[in-house]
>>> print(open('target-v7.csv').read())   # CSV, C-alpha atoms
chain,number,residue,atom,x,y,z
A,1,MET,CA,0.0,0.0,0.0
A,2,LEU,CA,3.1,2.2,-0.1
A,3,TYR,CA,2.2,3.1,-3.6
A,4,TYR,CA,-1.0,4.9,-2.5
A,5,LEU,CA,0.7,6.5,0.4
A,6,PHE,CA,3.3,8.0,-1.9
A,7,GLU,CA,0.5,9.1,-4.3
A,8,TYR,CA,-1.0,11.1,-1.4
A,9,LEU,CA,2.4,12.5,-0.4
A,10,ARG,CA,2.9,13.6,-4.0
A,11,GLU,CA,-0.4,15.5,-4.0
A,12,ILE,CA,0.8,17.6,-1.0
A,13,ASP,CA,4.2,18.1,-2.7
A,14,VAL,CA,6.4,16.1,-0.3
A,15,PRO,CA,9.9,16.0,-1.7
A,16,GLY,CA,10.8,12.6,-3.1
A,17,ALA,CA,7.2,11.3,-3.3
A,18,ARG,CA,7.4,11.1,-7.1
A,19,LEU,CA,9.8,8.2,-6.9
A,20,MET,CA,6.8,5.8,-6.9
A,21,ASP,CA,5.9,7.2,-10.4
A,22,TYR,CA,9.0,5.4,-11.8
A,23,ILE,CA,8.5,1.8,-12.8
A,24,THR,CA,12.2,1.2,-12.6
A,25,PHE,CA,12.4,2.4,-8.9
A,26,ARG,CA,9.4,0.3,-7.8
A,27,SER,CA,10.7,-2.7,-9.8
A,28,GLY,CA,14.1,-2.5,-8.1
A,29,ALA,CA,12.5,-2.1,-4.7
A,30,ALA,CA,10.2,-5.0,-5.3
A,31,MET,CA,13.1,-7.3,-6.3
A,32,ILE,CA,15.1,-6.3,-3.2
A,33,MET,CA,12.2,-6.7,-0.9
A,34,ALA,CA,11.2,-10.1,-2.4
A,35,LEU,CA,14.9,-11.3,-2.1
A,36,PHE,CA,15.0,-10.1,1.6
A,37,ILE,CA,11.7,-11.8,2.5
A,38,ALA,CA,12.7,-15.1,0.8
A,39,MET,CA,16.1,-15.3,2.4
A,40,VAL,CA,15.2,-14.0,5.9
A,41,PHE,CA,11.7,-15.3,6.4
A,42,GLY,CA,12.5,-18.3,4.3
A,43,ARG,CA,14.9,-19.6,6.9
A,44,LYS,CA,12.2,-19.4,9.6
A,45,ILE,CA,9.6,-21.1,7.4
A,46,ILE,CA,12.0,-23.9,6.6
A,47,ALA,CA,12.7,-24.4,10.4
A,48,ARG,CA,8.9,-24.4,10.9
A,49,LEU,CA,8.4,-27.1,8.2
A,50,GLN,CA,11.1,-29.2,9.8
A,51,LEU,CA,9.4,-28.9,13.2
A,52,MET,CA,6.1,-29.9,11.7
A,53,GLN,CA,7.9,-32.9,10.0
A,54,ILE,CA,6.7,-31.8,6.6
A,55,GLY,CA,9.2,-33.8,4.6
A,56,GLU,CA,9.5,-34.9,1.0
A,57,ILE,CA,8.2,-38.4,0.1
A,58,VAL,CA,10.7,-40.1,-2.2
A,59,ARG,CA,10.2,-43.2,-4.3
A,60,ASP,CA,13.3,-45.3,-5.0
A,61,LEU,CA,14.0,-45.0,-8.7
A,62,GLY,CA,17.5,-46.3,-8.6
A,63,ILE,CA,19.1,-42.9,-9.0
A,64,GLU,CA,22.3,-42.1,-7.1
A,65,GLY,CA,21.7,-39.8,-4.1
A,66,GLN,CA,18.0,-39.8,-4.6
A,67,MET,CA,17.1,-41.4,-1.2
A,68,SER,CA,19.2,-38.9,0.6
A,69,LYS,CA,16.5,-36.3,-0.3
A,70,LYS,CA,13.9,-38.1,1.8
A,71,GLY,CA,12.6,-36.0,4.6
A,72,THR,CA,13.8,-32.7,3.2
A,73,PRO,CA,11.2,-30.1,4.0
A,74,THR,CA,8.7,-29.5,1.1
A,75,MET,CA,5.9,-27.1,0.4
A,76,GLY,CA,8.6,-24.4,0.3
A,77,GLY,CA,6.6,-22.7,-2.4
A,78,VAL,CA,4.9,-20.7,0.3
A,79,ILE,CA,8.1,-18.8,0.6
A,80,ILE,CA,8.0,-17.9,-3.1
A,81,ILE,CA,4.4,-16.9,-3.0
A,82,LEU,CA,4.8,-14.8,0.2
A,83,ALA,CA,7.9,-13.1,-1.3
A,84,ILE,CA,6.0,-12.2,-4.5
A,85,LEU,CA,2.8,-11.0,-3.0
A,86,VAL,CA,4.1,-8.8,-0.2
A,87,PRO,CA,6.2,-6.5,-2.5
A,88,CYS,CA,3.4,-6.3,-5.0
A,89,LEU,CA,0.8,-5.4,-2.4
A,90,LEU,CA,3.1,-2.7,-1.0
A,91,LEU,CA,4.6,-1.3,-4.2
A,92,GLY,CA,2.2,-2.2,-7.0
A,93,ASN,CA,-0.7,-0.3,-8.4
A,94,LEU,CA,-3.5,-2.6,-7.4
A,95,SER,CA,-6.0,-0.7,-9.5
A,96,ASN,CA,-4.1,-1.9,-12.6
A,97,VAL,CA,-6.0,-4.8,-14.2
A,98,TYR,CA,-2.8,-6.6,-15.2
A,99,MET,CA,-1.5,-6.5,-11.6
A,100,GLN,CA,-4.9,-7.8,-10.4
A,101,LEU,CA,-4.8,-10.8,-12.8
A,102,MET,CA,-1.3,-11.7,-11.8
A,103,VAL,CA,-2.2,-11.6,-8.1
A,104,VAL,CA,-5.3,-13.8,-8.8
A,105,ALA,CA,-3.2,-16.3,-10.8
A,106,THR,CA,-0.6,-16.5,-8.0
A,107,LEU,CA,-3.2,-17.2,-5.3
A,108,TRP,CA,-5.3,-19.5,-7.5
A,109,LEU,CA,-2.5,-21.9,-8.4
A,110,GLY,CA,-0.8,-21.5,-5.1
A,111,ILE,CA,-3.9,-22.9,-3.4
A,112,LEU,CA,-4.2,-25.7,-6.0
A,113,GLY,CA,-0.6,-26.7,-5.4
A,114,PHE,CA,-0.9,-26.4,-1.6
A,115,LEU,CA,-3.9,-28.8,-1.6
A,116,ASP,CA,-1.9,-31.2,-3.8
A,117,ASP,CA,1.1,-31.2,-1.4
A,118,TYR,CA,-1.2,-31.4,1.7
A,119,LEU,CA,-2.9,-34.6,0.4
A,120,LYS,CA,0.4,-36.2,-0.5
A,121,LEU,CA,1.7,-35.6,3.0
A,122,LYS,CA,-1.6,-36.7,4.6
A,123,ARG,CA,-1.6,-40.0,2.6
A,124,HIS,CA,2.1,-40.5,2.9
A,125,ASN,CA,2.5,-41.2,-0.8
A,126,LYS,CA,2.8,-39.4,-4.1
A,127,ASP,CA,-0.9,-39.4,-4.8
A,128,GLY,CA,-2.2,-35.8,-4.3
A,129,ILE,CA,-5.1,-34.2,-6.1
A,130,LYS,CA,-6.3,-36.3,-9.0
A,131,GLY,CA,-5.0,-35.2,-12.4
A,132,VAL,CA,-8.4,-34.3,-13.6
A,133,PHE,CA,-8.9,-31.8,-10.8
A,134,LYS,CA,-5.5,-30.2,-11.5
A,135,ILE,CA,-6.5,-29.7,-15.1
A,136,ILE,CA,-9.9,-28.3,-14.1
A,137,GLY,CA,-8.1,-25.8,-11.8
A,138,GLN,CA,-5.7,-24.8,-14.7
A,139,VAL,CA,-8.5,-24.5,-17.2
A,140,GLY,CA,-10.5,-22.4,-14.7
A,141,LEU,CA,-7.6,-19.9,-14.4
A,142,GLY,CA,-7.2,-19.9,-18.2
A,143,LEU,CA,-10.8,-19.0,-18.6
A,144,ILE,CA,-10.6,-16.2,-16.0
A,145,VAL,CA,-7.5,-14.7,-17.8
A,146,GLY,CA,-8.8,-15.2,-21.3
A,147,LEU,CA,-12.3,-13.9,-20.7
A,148,THR,CA,-11.0,-10.9,-18.7
A,149,MET,CA,-8.7,-9.9,-21.6
A,150,TRP,CA,-11.6,-10.3,-24.0
A,151,LEU,CA,-14.2,-8.4,-22.0
A,152,SER,CA,-12.3,-5.8,-19.9
A,153,PRO,CA,-12.4,-2.3,-21.5
A,154,LYS,CA,-9.1,-1.6,-19.7
A,155,ILE,CA,-7.1,-4.1,-21.8
A,156,VAL,CA,-6.3,-2.5,-25.1
A,157,MET,CA,-3.4,-2.0,-27.5
A,158,GLN,CA,-2.1,0.2,-30.2
A,159,GLU,CA,-1.2,-1.6,-33.4
A,160,ASN,CA,2.2,-1.0,-35.0
A,161,ALA,CA,2.6,-0.4,-38.7
A,162,GLU,CA,5.6,0.2,-41.0
A,163,ILE,CA,5.6,3.3,-43.2
A,164,SER,CA,8.3,3.6,-45.9
A,165,VAL,CA,10.0,7.0,-46.0
A,166,PRO,CA,10.3,8.5,-49.5
A,167,ASP,CA,13.8,8.7,-50.9
A,168,ALA,CA,15.2,6.7,-48.0
A,169,SER,CA,16.1,3.1,-47.4
A,170,GLU,CA,14.6,3.0,-43.9
A,171,THR,CA,11.1,2.6,-42.6
A,172,VAL,CA,9.3,4.3,-39.7
A,173,ILE,CA,7.2,2.5,-37.2
A,174,THR,CA,3.9,4.3,-36.4
A,175,TYR,CA,1.0,3.5,-34.1
A,176,SER,CA,-2.7,4.1,-34.5
A,177,ASP,CA,-4.1,7.2,-32.7
A,178,GLN,CA,-6.7,5.2,-30.8
A,179,TYR,CA,-6.5,2.3,-28.4
A,180,VAL,CA,-8.2,-0.8,-29.9
A,181,LYS,CA,-9.6,-4.0,-28.5
A,182,ALA,CA,-8.2,-6.7,-30.7
A,183,SER,CA,-7.3,-10.4,-30.4
A,184,GLN,CA,-3.8,-9.8,-31.6
A,185,THR,CA,-0.6,-11.2,-30.3
A,186,THR,CA,3.1,-11.1,-31.2
A,187,ILE,CA,4.5,-13.8,-33.4
A,188,PRO,CA,8.1,-14.5,-34.3
A,189,PHE,CA,9.7,-14.5,-37.8
A,190,VAL,CA,6.8,-12.4,-39.3
A,191,LYS,CA,6.9,-8.8,-40.6
A,192,ASN,CA,5.3,-6.4,-38.1
A,193,ASN,CA,5.3,-9.4,-35.6
A,194,ASN,CA,1.5,-9.3,-35.3
A,195,PHE,CA,-1.0,-12.1,-35.6
A,196,ASP,CA,-4.7,-11.7,-35.2
A,197,TYR,CA,-6.6,-14.8,-34.0
A,198,ALA,CA,-9.6,-13.5,-35.9
A,199,SER,CA,-7.7,-14.4,-39.1
A,200,LEU,CA,-8.4,-18.0,-38.2
A,201,THR,CA,-12.1,-17.4,-38.1
A,202,GLY,CA,-12.7,-15.2,-41.2
A,203,TRP,CA,-15.2,-17.8,-42.4
A,204,LEU,CA,-17.5,-16.5,-39.7
A,205,GLY,CA,-18.1,-13.3,-41.5
A,206,ASP,CA,-19.3,-10.5,-39.1
A,207,ASN,CA,-18.6,-12.8,-36.2
A,208,ALA,CA,-14.9,-13.3,-37.1
A,209,GLN,CA,-13.7,-11.1,-34.3
A,210,THR,CA,-15.8,-13.0,-31.7
A,211,GLY,CA,-14.4,-16.2,-33.1
A,212,GLY,CA,-10.9,-14.8,-32.8
A,213,TRP,CA,-11.4,-14.1,-29.1
A,214,ILE,CA,-12.8,-17.6,-28.6
A,215,ALA,CA,-9.6,-19.0,-30.2
A,216,PHE,CA,-7.5,-16.7,-28.0
A,217,VAL,CA,-9.3,-18.0,-24.9
A,218,LEU,CA,-8.6,-21.6,-26.0
A,219,VAL,CA,-4.9,-20.9,-26.6
A,220,THR,CA,-4.8,-19.2,-23.2
A,221,ILE,CA,-6.2,-22.3,-21.5
A,222,PHE,CA,-3.7,-24.5,-23.3
A,223,VAL,CA,-0.7,-22.3,-22.5
A,224,VAL,CA,-1.6,-22.1,-18.8
A,225,ALA,CA,-2.1,-25.8,-18.5
A,226,ALA,CA,1.0,-26.8,-20.5
A,227,THR,CA,3.4,-24.4,-18.8
A,228,SER,CA,2.1,-25.0,-15.3
A,229,ASN,CA,2.5,-28.8,-15.8
A,230,GLY,CA,5.9,-28.3,-17.5
A,231,ALA,CA,7.2,-26.4,-14.5
A,232,ASN,CA,5.8,-29.1,-12.2
A,233,LEU,CA,7.7,-31.8,-14.1
A,234,THR,CA,10.9,-29.8,-14.3
A,235,ASP,CA,11.0,-29.5,-10.5
A,236,GLY,CA,12.8,-32.8,-10.0
A,237,LEU,CA,16.4,-31.7,-9.3
A,238,ASP,CA,17.8,-29.2,-6.8
A,239,GLY,CA,17.5,-25.7,-8.2
A,240,LEU,CA,16.5,-26.8,-11.6
A,241,CYS,CA,13.0,-25.3,-11.8
A,242,THR,CA,14.0,-22.3,-9.6
A,243,GLY,CA,16.9,-21.2,-11.7
A,244,THR,CA,15.3,-21.9,-15.1
A,245,SER,CA,12.2,-19.9,-14.1
A,246,ALA,CA,14.3,-17.0,-12.9
A,247,ILE,CA,16.0,-16.8,-16.3
A,248,ILE,CA,12.6,-16.9,-18.0
A,249,GLY,CA,11.4,-14.2,-15.6
A,250,VAL,CA,14.2,-11.9,-16.6
A,251,ALA,CA,13.3,-12.3,-20.3
A,252,LEU,CA,9.6,-11.6,-19.6
A,253,ALA,CA,10.3,-8.6,-17.5
A,254,ILE,CA,12.4,-7.0,-20.3
A,255,MET,CA,9.6,-7.8,-22.8
A,256,ALA,CA,7.0,-6.2,-20.5
A,257,TYR,CA,9.1,-3.1,-20.1
A,258,LEU,CA,9.7,-2.8,-23.9
A,259,GLY,CA,6.1,-3.5,-24.8
A,260,GLY,CA,4.8,-1.0,-22.2
A,261,HIS,CA,7.0,1.8,-23.6
A,262,ILE,CA,6.0,3.2,-27.0
A,263,GLY,CA,9.5,4.2,-28.0
A,264,TYR,CA,11.0,0.8,-27.3
A,265,SER,CA,8.0,-1.0,-28.8
A,266,ALA,CA,8.6,0.9,-32.1
A,267,TYR,CA,12.3,-0.2,-32.1
A,268,LEU,CA,11.3,-3.8,-31.9
A,269,ASN,CA,8.3,-3.2,-34.2
A,270,ILE,CA,5.8,-4.8,-31.7
A,271,MET,CA,2.5,-3.6,-30.5
A,272,TYR,CA,2.3,-1.1,-27.7
A,273,ILE,CA,0.3,-2.2,-24.7
A,274,PRO,CA,-0.7,0.7,-22.4
A,275,ASP,CA,-0.4,0.2,-18.7
A,276,SER,CA,1.3,-3.2,-19.1
A,277,ALA,CA,4.6,-1.8,-17.8
A,278,GLU,CA,3.2,-2.2,-14.3
A,279,LEU,CA,3.8,-5.9,-14.8
A,280,VAL,CA,7.5,-5.3,-14.5
A,281,VAL,CA,7.0,-4.6,-10.8
A,282,PHE,CA,5.4,-8.0,-10.4
A,283,MET,CA,8.0,-9.9,-12.4
A,284,SER,CA,10.8,-8.2,-10.5
A,285,ALA,CA,9.3,-9.5,-7.3
A,286,PHE,CA,9.0,-12.9,-8.9
A,287,ILE,CA,12.7,-12.9,-9.9
A,288,GLY,CA,13.8,-11.7,-6.4
A,289,ALA,CA,11.6,-14.4,-4.8
A,290,LEU,CA,13.2,-17.1,-6.9
A,291,ILE,CA,16.7,-16.0,-6.3
A,292,GLY,CA,16.1,-15.8,-2.6
A,293,PHE,CA,14.5,-19.3,-2.6
A,294,LEU,CA,17.5,-20.6,-4.7
A,295,TRP,CA,19.7,-19.8,-1.8
A,296,TYR,CA,18.1,-22.7,0.1
A,297,ASN,CA,17.0,-24.8,-2.9
A,298,ALA,CA,20.4,-25.0,-4.6
A,299,TYR,CA,22.2,-28.4,-4.5
A,300,PRO,CA,22.1,-29.9,-1.9
A,301,ALA,CA,18.6,-28.5,-1.3
A,302,GLN,CA,17.6,-27.5,2.2
A,303,VAL,CA,14.0,-27.2,1.0
A,304,PHE,CA,11.8,-28.2,-1.9
A,305,MET,CA,9.1,-26.0,-3.4
A,306,GLY,CA,6.6,-28.8,-3.9
A,307,ASP,CA,3.6,-28.4,-6.1
A,308,THR,CA,2.8,-25.3,-4.1
A,309,GLY,CA,5.7,-23.6,-5.8
A,310,SER,CA,6.0,-25.4,-9.2
A,311,LEU,CA,2.4,-25.2,-10.3
A,312,THR,CA,2.3,-21.5,-9.2
A,313,ILE,CA,5.6,-20.7,-11.0
A,314,GLY,CA,4.5,-22.2,-14.3
A,315,GLY,CA,1.1,-20.5,-14.1
A,316,ILE,CA,2.7,-17.1,-13.4
A,317,ILE,CA,5.0,-17.4,-16.4
A,318,ALA,CA,2.1,-18.5,-18.7
A,319,VAL,CA,-0.3,-15.8,-17.5
A,320,PHE,CA,2.4,-13.1,-17.7
A,321,ALA,CA,3.3,-14.0,-21.3
A,322,ILE,CA,-0.4,-14.0,-22.2
A,323,LEU,CA,-1.0,-10.5,-20.7
A,324,ILE,CA,1.9,-9.0,-22.7
A,325,ARG,CA,0.7,-10.8,-25.8
A,326,LYS,CA,3.8,-13.0,-26.1
A,327,GLU,CA,2.2,-16.4,-25.6
A,328,LEU,CA,3.3,-17.6,-29.0
A,329,LEU,CA,6.9,-17.0,-27.9
A,330,VAL,CA,6.5,-19.3,-24.9
A,331,PRO,CA,7.3,-22.5,-26.8
A,332,ILE,CA,10.8,-21.0,-27.5
A,333,LEU,CA,11.3,-19.3,-24.2
A,334,CYS,CA,10.0,-22.1,-22.1
A,335,ALA,CA,11.2,-24.9,-24.3
A,336,ILE,CA,12.7,-26.7,-21.3
A,337,PHE,CA,9.3,-27.0,-19.7
A,338,PHE,CA,7.7,-28.3,-22.9
A,339,VAL,CA,10.5,-30.8,-23.6
A,340,GLU,CA,10.0,-32.2,-20.1
A,341,ASP,CA,6.3,-32.4,-20.8
A,342,LEU,CA,6.9,-34.0,-24.2
A,343,SER,CA,9.4,-36.6,-22.8
A,344,VAL,CA,6.8,-37.9,-20.5
A,345,ILE,CA,4.1,-38.1,-23.2
A,346,ILE,CA,6.5,-39.9,-25.6
A,347,GLN,CA,7.6,-42.3,-22.9
A,348,THR,CA,4.1,-43.2,-21.8
A,349,THR,CA,2.8,-43.6,-25.3
A,350,TYR,CA,5.7,-45.7,-26.5
A,351,PHE,CA,5.6,-47.9,-23.4
A,352,ARG,CA,2.0,-48.7,-24.0
A,353,PHE,CA,2.3,-49.5,-27.7
A,354,THR,CA,5.4,-51.6,-27.3
A,355,ARG,CA,4.3,-53.3,-24.0
A,356,GLY,CA,7.2,-52.3,-21.9
A,357,LYS,CA,9.9,-50.7,-24.1
A,358,ARG,CA,11.1,-47.2,-23.5
A,359,VAL,CA,12.5,-44.3,-25.5
A,360,PHE,CA,14.4,-42.7,-22.6
A,361,LYS,CA,16.0,-44.4,-19.6
A,362,MET,CA,13.7,-42.4,-17.4
A,363,THR,CA,11.4,-39.4,-17.5
A,364,PRO,CA,11.0,-36.5,-17.0
A,365,LEU,CA,14.0,-35.9,-19.2
A,366,HIS,CA,16.3,-34.6,-16.5
A,367,HIS,CA,16.2,-38.1,-14.8
A,368,HIS,CA,17.3,-39.7,-18.1
A,369,PHE,CA,20.8,-38.1,-17.7
A,370,GLN,CA,21.0,-39.3,-14.1
A,371,HIS,CA,20.7,-42.9,-14.9
A,372,PRO,CA,23.7,-44.8,-16.3
A,373,GLY,CA,23.3,-46.2,-19.8
A,374,ASN,CA,24.4,-49.7,-18.9
A,375,GLY,CA,21.6,-51.6,-20.7
A,376,SER,CA,19.8,-52.4,-17.4
A,377,ILE,CA,16.8,-50.5,-18.8
A,378,ASN,CA,15.3,-51.4,-22.2
A,379,ALA,CA,15.5,-47.9,-23.7
A,380,LEU,CA,16.1,-46.8,-27.3
A,381,ILE,CA,18.4,-43.9,-26.1
A,382,GLN,CA,21.2,-45.2,-23.8
A,383,ALA,CA,23.5,-42.1,-24.0
A,384,PRO,CA,25.0,-40.8,-21.9
A,385,ARG,CA,26.6,-44.1,-20.8
A,386,MET,CA,27.8,-42.6,-17.5
A,387,ALA,CA,25.4,-40.9,-15.1
A,388,VAL,CA,25.8,-37.1,-15.1
A,389,PRO,CA,26.1,-35.5,-11.6
A,390,GLU,CA,22.9,-33.7,-10.6
A,391,SER,CA,24.6,-30.3,-10.2
A,392,LYS,CA,26.0,-30.5,-13.7
A,393,ILE,CA,22.6,-31.3,-15.2
A,394,VAL,CA,21.1,-28.3,-13.5
A,395,THR,CA,23.8,-26.0,-14.6
A,396,ARG,CA,23.6,-27.2,-18.2
A,397,PHE,CA,19.8,-26.7,-18.2
A,398,TRP,CA,20.4,-23.2,-16.9
A,399,ILE,CA,22.8,-22.5,-19.8
A,400,ILE,CA,20.2,-23.8,-22.3
A,401,GLY,CA,17.6,-21.6,-20.6
A,402,ILE,CA,19.8,-18.5,-21.2
A,403,LEU,CA,20.4,-19.4,-24.8
A,404,LEU,CA,16.6,-19.9,-25.3
A,405,ALA,CA,16.0,-16.4,-23.8
A,406,ILE,CA,18.5,-14.9,-26.2
A,407,VAL,CA,16.9,-16.7,-29.2
A,408,THR,CA,13.5,-15.5,-28.2
A,409,PHE,CA,14.6,-11.9,-28.4
A,410,VAL,CA,16.4,-12.5,-31.7
A,411,THR,CA,13.2,-13.9,-33.3
A,412,LEU,CA,11.6,-10.5,-32.9
A,413,LYS,CA,14.2,-8.9,-35.2
A,414,ILE,CA,14.4,-11.7,-37.8
A,415,ARG,CA,11.9,-11.3,-40.6
>>> encode(input="target-v7.csv", output="structure tokens")
Amino acid sequence: MLYYLFEYLREIDVPGARLMDYITFRSGAAMIMALFIAMVFGRKIIARLQLMQIGEIVRDLGIEGQMSKKGTPTMGGVIIILAILVPCLLLGNLSNVYMQLMVVATLWLGILGFLDDYLKLKRHNKDGIKGVFKIIGQVGLGLIVGLTMWLSPKIVMQENAEISVPDASETVITYSDQYVKASQTTIPFVKNNNFDYASLTGWLGDNAQTGGWIAFVLVTIFVVAATSNGANLTDGLDGLCTGTSAIIGVALAIMAYLGGHIGYSAYLNIMYIPDSAELVVFMSAFIGALIGFLWYNAYPAQVFMGDTGSLTIGGIIAVFAILIRKELLVPILCAIFFVEDLSVIIQTTYFRFTRGKRVFKMTPLHHHFQHPGNGSINALIQAPRMAVPESKIVTRFWIIGILLAIVTFVTLKIR
């Protein structure tokens, strides 16, 4: 609520009160505050989880060092959620519809993940909420976000267009004078980087725009479910999901800042989204929370985030990308999540059709690298022959995540 306090102080001309007008100042403060909360209060929460004997339930998969994780405090995602929400509530503009949707998404999936972890601990096994109920929760969030973007008059954009300058080799990027309500998004490798979902439903005639919004809502549901589940599957090694998500968060924060600034939007030739720069404050808190949590989650982990954290992290990334109209860049930026998803789908399908054979030694994919390729498992892919240490797998995945973030930005300039 400090944002509104400073707003009042600005009205009575108190020196320095205008600092809260700057997105960069509030974003930096949010990151520092989230980092502080995660590191200071995180230690106390971990101690409390240990006292309550809320420990990880581990199944023996034959992976070296796996059973040593048994009993490590879990449900540490509450640290991340707390470290995100407190700075946003204090420093964010809560009247901003984008900030409201991000807070709702955080609480929605945080509660879903918490219930899943609670049931696992209560039953003393890996069976939490049934998969169908997880999907219902994710679909519900997708509907809330998609329908709000469709129906809210506060969510608008200004379309970018290229104009050739006579007697010059360069073009100028201009924007329409009016804010428009359109089912447009950013797409890589295409001139002007715009794609309207309504182009898919042109056969509906006068109802094409409505059809476009329906298509947008369906894509929103898919992106939320796929990204949330992907983050959940990626959370299998110490620091893997945390570090990868922080890298993605940095990329999304930059995109939100550029897309919310008409000058930078013109440079990248992407649509300008008014008021979306407020999302940078949220994402800065997200990054700070993850870095603070990584202090305890890095190998060897003192705490695991559990589904409370992983489902929430994936949902936050998905909803954020959708709000800044970059959901079609998610397959590139979050490729690690989707590859983890895909590895499980491929393994399960192949196993059923071949009655026991496998493609990978183990899934999700990060476990494949942990298992030695000694032929003890009937898998098509046996490489690497030697088990890769957990810390090395995590570091390499982080490097891949950085490269994917760079490629995502490059796609916006390649036509």
>>> closest_residue(input="target-v7.csv", among="A:Gln302, A:Val139, A:Asn93, A:Ile377", to="Gly42 of chain A", atoms="all atoms listed in the file")
A:Gln302
>>> closest_residue(input="target-v7.csv", among="A:Ala182, A:Ile221, A:Ala83, A:Ile345", to="Gln209 of chain A", atoms="all atoms listed in the file")
A:Ala182
>>> closest_residue(input="target-v7.csv", among="A:Leu329, A:Ile173, A:Val97, A:Ile80", to="Lys154 of chain A", atoms="all atoms listed in the file")
A:Val97
>>> closest_residue(input="target-v7.csv", among="A:Thr106, A:Ser276, A:Asn229, A:Asn193", to="Val78 of chain A", atoms="all atoms listed in the file")
A:Thr106
>>> residues_around(input="target-v7.csv", residues="Pro274 of chain A", least_positions_apart="5", cutoff="10 Å", atoms="all atoms listed in the file", output="list in words")
Lys154, Ile155, Val156, Met157, Gln158, Tyr179, Gly259, Gly260, His261 and Ile262 of chain A
>>> atom_distance(input="target-v7.csv", atom1="atom CA of Thr308 of chain A", atom2="atom CA of Glu340 of chain A")
18.9 Å
>>> closest_residue(input="target-v7.csv", among="A:Leu9, A:Gly131, A:Met52, A:Val319", to="Leu143 of chain A", atoms="only C-alpha atoms")
A:Val319
>>> closest_residue(input="target-v7.csv", among="A:Ile336, A:Trp108, A:Arg355, A:Asn378", to="Lys134 of chain A", atoms="only C-alpha atoms")
A:Trp108
>>> atom_distance(input="target-v7.csv", atom1="atom CA of Met39 of chain A", atom2="atom CA of Phe293 of chain A")
6.6 Å
>>> residues_near_point(input="target-v7.csv", point="(8.7, -26.5, -15.3)", cutoff="10 Å", atoms="only C-alpha atoms", output="VMD selection string")
chain A and resid 226 to 236 240 to 242 244 to 245 310 to 311 313 to 315 317 334 to 341
>>> atom_distance(input="target-v7.csv", atom1="atom CA of Lys70 of chain A", atom2="atom CA of Leu115 of chain A")
20.4 Å
